[in-house]
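Have a look at data_26.cif below; it lists mmCIF, C-alpha atoms, pLDDT in the B column; chains and numbers go by the auth columns.
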```
data_run
loop_
_atom_site.group_PDB
_atom_site.id
_atom_site.type_symbol
_atom_site.label_atom_id
_atom_site.label_comp_id
_atom_site.label_asym_id
_atom_site.label_seq_id
_atom_site.Cartn_x
_atom_site.Cartn_y
_atom_site.Cartn_z
_atom_site.B_iso_or_equiv
_atom_site.auth_seq_id
_atom_site.auth_asym_id
ATOM 1 C CA MET A 1 26.593 -10.648 -69.868 81.00 1 A
ATOM 2 C CA LYS A 2 29.333 -10.144 -67.298 84.00 2 A
ATOM 3 C CA VAL A 3 29.064 -8.067 -64.108 88.00 3 A
ATOM 4 C CA ARG A 4 31.383 -5.365 -65.476 89.00 4 A
ATOM 5 C CA GLU A 5 29.107 -4.886 -68.481 91.00 5 A
ATOM 6 C CA ALA A 6 26.032 -4.773 -66.253 92.00 6 A
ATOM 7 C CA VAL A 7 27.655 -2.105 -64.048 94.00 7 A
ATOM 8 C CA VAL A 8 28.336 0.040 -67.126 95.00 8 A
ATOM 9 C CA ILE A 9 24.760 -0.342 -68.356 94.00 9 A
ATOM 10 C CA ARG A 10 23.419 0.563 -64.918 95.00 10 A
ATOM 11 C CA ILE A 11 25.629 3.653 -64.575 96.00 11 A
ATOM 12 C CA LYS A 12 24.547 4.892 -68.009 96.00 12 A
ATOM 13 C CA GLU A 13 20.894 4.159 -67.214 95.00 13 A
ATOM 14 C CA LEU A 14 21.034 6.081 -63.940 96.00 14 A
ATOM 15 C CA CYS A 15 22.933 9.008 -65.466 96.00 15 A
ATOM 16 C CA LYS A 16 20.264 9.304 -68.145 96.00 16 A
ATOM 17 C CA LYS A 17 17.498 9.098 -65.542 95.00 17 A
ATOM 18 C CA LYS A 18 19.165 11.790 -63.392 94.00 18 A
ATOM 19 C CA HIS A 19 20.129 13.931 -66.419 96.00 19 A
ATOM 20 C CA LEU A 20 23.844 13.691 -65.602 94.00 20 A
ATOM 21 C CA LYS A 21 26.845 13.387 -67.859 95.00 21 A
ATOM 22 C CA ILE A 22 29.821 11.288 -66.762 93.00 22 A
ATOM 23 C CA ASN A 23 31.814 14.389 -65.739 94.00 23 A
ATOM 24 C CA GLY A 24 28.878 15.612 -63.646 95.00 24 A
ATOM 25 C CA LEU A 25 28.555 12.255 -61.947 96.00 25 A
ATOM 26 C CA ALA A 26 32.296 12.215 -61.260 96.00 26 A
ATOM 27 C CA HIS A 27 31.999 15.616 -59.594 95.00 27 A
ATOM 28 C CA HIS A 28 29.014 14.569 -57.457 95.00 28 A
ATOM 29 C CA ALA A 29 30.649 11.246 -56.562 96.00 29 A
ATOM 30 C CA GLY A 30 34.041 12.720 -55.714 95.00 30 A
ATOM 31 C CA VAL A 31 35.896 10.406 -58.075 95.00 31 A
ATOM 32 C CA PRO A 32 38.160 11.390 -60.963 95.00 32 A
ATOM 33 C CA ALA A 33 36.345 11.625 -64.285 95.00 33 A
ATOM 34 C CA SER A 34 39.069 9.373 -65.708 94.00 34 A
ATOM 35 C CA THR A 35 38.033 6.621 -63.276 94.00 35 A
ATOM 36 C CA LEU A 36 34.434 6.722 -64.466 94.00 36 A
ATOM 37 C CA LYS A 37 35.474 6.936 -68.106 95.00 37 A
ATOM 38 C CA ASN A 38 37.747 3.901 -67.653 95.00 38 A
ATOM 39 C CA ILE A 39 34.825 1.956 -66.167 94.00 39 A
ATOM 40 C CA ILE A 40 32.508 3.005 -69.007 94.00 40 A
ATOM 41 C CA LYS A 41 35.063 2.230 -71.737 93.00 41 A
ATOM 42 C CA GLY A 42 35.924 -1.155 -70.236 89.00 42 A
ATOM 43 C CA LYS A 43 39.507 -0.254 -69.339 91.00 43 A
ATOM 44 C CA SER A 44 38.712 -0.901 -65.683 87.00 44 A
ATOM 45 C CA LYS A 45 37.959 -4.626 -65.647 80.00 45 A
ATOM 46 C CA ASN A 46 36.874 -4.820 -62.017 85.00 46 A
ATOM 47 C CA PRO A 47 35.549 -1.591 -60.481 89.00 47 A
ATOM 48 C CA GLY A 48 35.773 -1.877 -56.714 91.00 48 A
ATOM 49 C CA ILE A 49 32.794 -1.777 -54.416 93.00 49 A
ATOM 50 C CA THR A 50 34.147 1.401 -52.801 95.00 50 A
ATOM 51 C CA THR A 51 34.100 3.136 -56.179 95.00 51 A
ATOM 52 C CA ILE A 52 30.605 1.835 -56.886 95.00 52 A
ATOM 53 C CA LYS A 53 29.496 3.108 -53.460 97.00 53 A
ATOM 54 C CA LYS A 54 30.883 6.560 -54.292 96.00 54 A
ATOM 55 C CA ILE A 55 29.024 6.449 -57.604 96.00 55 A
ATOM 56 C CA CYS A 56 25.842 5.575 -55.702 97.00 56 A
ATOM 57 C CA ASP A 57 26.456 8.475 -53.329 96.00 57 A
ATOM 58 C CA GLY A 58 26.870 10.782 -56.333 96.00 58 A
ATOM 59 C CA LEU A 59 23.581 9.503 -57.724 96.00 59 A
ATOM 60 C CA ASP A 60 21.943 9.815 -54.292 95.00 60 A
ATOM 61 C CA ILE A 61 20.954 6.130 -54.225 96.00 61 A
ATOM 62 C CA SER A 62 21.864 3.133 -52.081 96.00 62 A
ATOM 63 C CA LEU A 63 23.921 0.143 -53.169 96.00 63 A
ATOM 64 C CA HIS A 64 20.715 -1.863 -52.927 96.00 64 A
ATOM 65 C CA GLU A 65 19.003 0.468 -55.395 96.00 65 A
ATOM 66 C CA PHE A 66 21.994 0.265 -57.740 96.00 66 A
ATOM 67 C CA PHE A 67 22.112 -3.526 -57.824 94.00 67 A
ATOM 68 C CA ASN A 68 18.344 -4.081 -57.609 94.00 68 A
ATOM 69 C CA ALA A 69 17.917 -3.779 -61.360 93.00 69 A
ATOM 70 C CA LYS A 70 16.882 -6.192 -64.077 91.00 70 A
ATOM 71 C CA VAL A 71 20.334 -6.037 -65.665 91.00 71 A
ATOM 72 C CA PHE A 72 21.809 -7.841 -62.620 89.00 72 A
ATOM 73 C CA HIS A 73 19.139 -10.542 -62.267 88.00 73 A
ATOM 74 C CA ASP A 74 20.399 -13.126 -64.769 80.00 74 A
ATOM 75 C CA LEU A 75 24.158 -12.679 -64.906 80.00 75 A
ATOM 76 C CA GLU A 76 26.404 -15.488 -66.063 75.00 76 A
ATOM 77 C CA GLN A 77 28.578 -17.285 -63.555 75.00 77 A
ATOM 78 C CA GLU A 78 32.084 -15.877 -63.862 72.00 78 A
ATOM 79 C CA ILE A 79 34.211 -18.647 -62.360 70.00 79 A
ATOM 80 C CA GLU A 80 37.076 -19.367 -64.702 65.00 80 A
#
```
Is it possible to give me this structure as structure tokens?
Amino acid sequence: MKVREAVVIRIKELCKKKHLKINGLAHHAGVPASTLKNIIKGKSKNPGITTIKKICDGLDISLHEFFNAKVFHDLEQEIE
């Protein structure tokens, strides 16, 4: 699994846990819904850390909490 895929899984997992839809998260995070949808659909190949931080803020969690998840523990090396 690649980092981008893990980020998508984590966002979906946290939205479900917090009972939020993507549009609701976008509102709370202060990012356009299209940005989140592009991340979820894989159109955004490399979501920036600033965007991920805003997503974390919208979820009321820290970056540490976001990345401290099983889905990130055994990622493949992505050097190409």
Do you know which residues the PyMOL selection byres ((chain A and resi 57) around 12) returns on this file, as number ranges by chain? A: 25-31, 50-56, 58-66
Residues as selected, C-alpha atoms, written as a CSV table (one decimal), in the frame of the given file, can you do that?
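result-v5.csv, written as the output of this step:
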```csv
chain,number,residue,atom,x,y,z
A,25,LEU,CA,28.6,12.3,-61.9
A,26,ALA,CA,32.3,12.2,-61.3
A,27,HIS,CA,32.0,15.6,-59.6
A,28,HIS,CA,29.0,14.6,-57.5
A,29,ALA,CA,30.6,11.2,-56.6
A,30,GLY,CA,34.0,12.7,-55.7
A,31,VAL,CA,35.9,10.4,-58.1
A,50,THR,CA,34.1,1.4,-52.8
A,51,THR,CA,34.1,3.1,-56.2
A,52,ILE,CA,30.6,1.8,-56.9
A,53,LYS,CA,29.5,3.1,-53.5
A,54,LYS,CA,30.9,6.6,-54.3
A,55,ILE,CA,29.0,6.4,-57.6
A,56,CYS,CA,25.8,5.6,-55.7
A,58,GLY,CA,26.9,10.8,-56.3
A,59,LEU,CA,23.6,9.5,-57.7
A,60,ASP,CA,21.9,9.8,-54.3
A,61,ILE,CA,21.0,6.1,-54.2
A,62,SER,CA,21.9,3.1,-52.1
A,63,LEU,CA,23.9,0.1,-53.2
A,64,HIS,CA,20.7,-1.9,-52.9
A,65,GLU,CA,19.0,0.5,-55.4
A,66,PHE,CA,22.0,0.3,-57.7
```
By how many Å are atom CA of Val7 of chain A and atom CA of Lys70 of chain A apart? 11.5 Å
Where does the PyMOL selection byres ((chain A and resi 45) around 12) land in this file, that is, which residues does it pick, as a compact mmCIF listing (two decimals) with C-alpha atoms, in the frame of the given file?
```
# COMPACT_ATOMS: atom_id res chain seq x y z
CA LYS A 2 29.33 -10.14 -67.30
CA VAL A 3 29.06 -8.07 -64.11
CA ARG A 4 31.38 -5.36 -65.48
CA GLU A 5 29.11 -4.89 -68.48
CA ALA A 6 26.03 -4.77 -66.25
CA VAL A 7 27.66 -2.10 -64.05
CA VAL A 8 28.34 0.04 -67.13
CA THR A 35 38.03 6.62 -63.28
CA LEU A 36 34.43 6.72 -64.47
CA ASN A 38 37.75 3.90 -67.65
CA ILE A 39 34.83 1.96 -66.17
CA ILE A 40 32.51 3.00 -69.01
CA LYS A 41 35.06 2.23 -71.74
CA GLY A 42 35.92 -1.16 -70.24
CA LYS A 43 39.51 -0.25 -69.34
CA SER A 44 38.71 -0.90 -65.68
CA ASN A 46 36.87 -4.82 -62.02
CA PRO A 47 35.55 -1.59 -60.48
CA GLY A 48 35.77 -1.88 -56.71
```
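Reported to one decimal place, the separation of atom CA of Met1 of chain A from atom CA of Glu13 of chain A is 16.1 Å.
The coordinates place atom CA of Ile79 of chain A at 24.0 Å from atom CA of Ile11 of chain A.
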Centre, edges in Å (one decimal): axis-aligned box, segment 20-37 of chain A, 8 Å padding on all six sides, as AutoDock Vina command-line options:
```
--center_x 31.5 --center_y 11.1 --center_z -61.9 --size_x 31.2 --size_y 25.0 --size_z 28.4
```
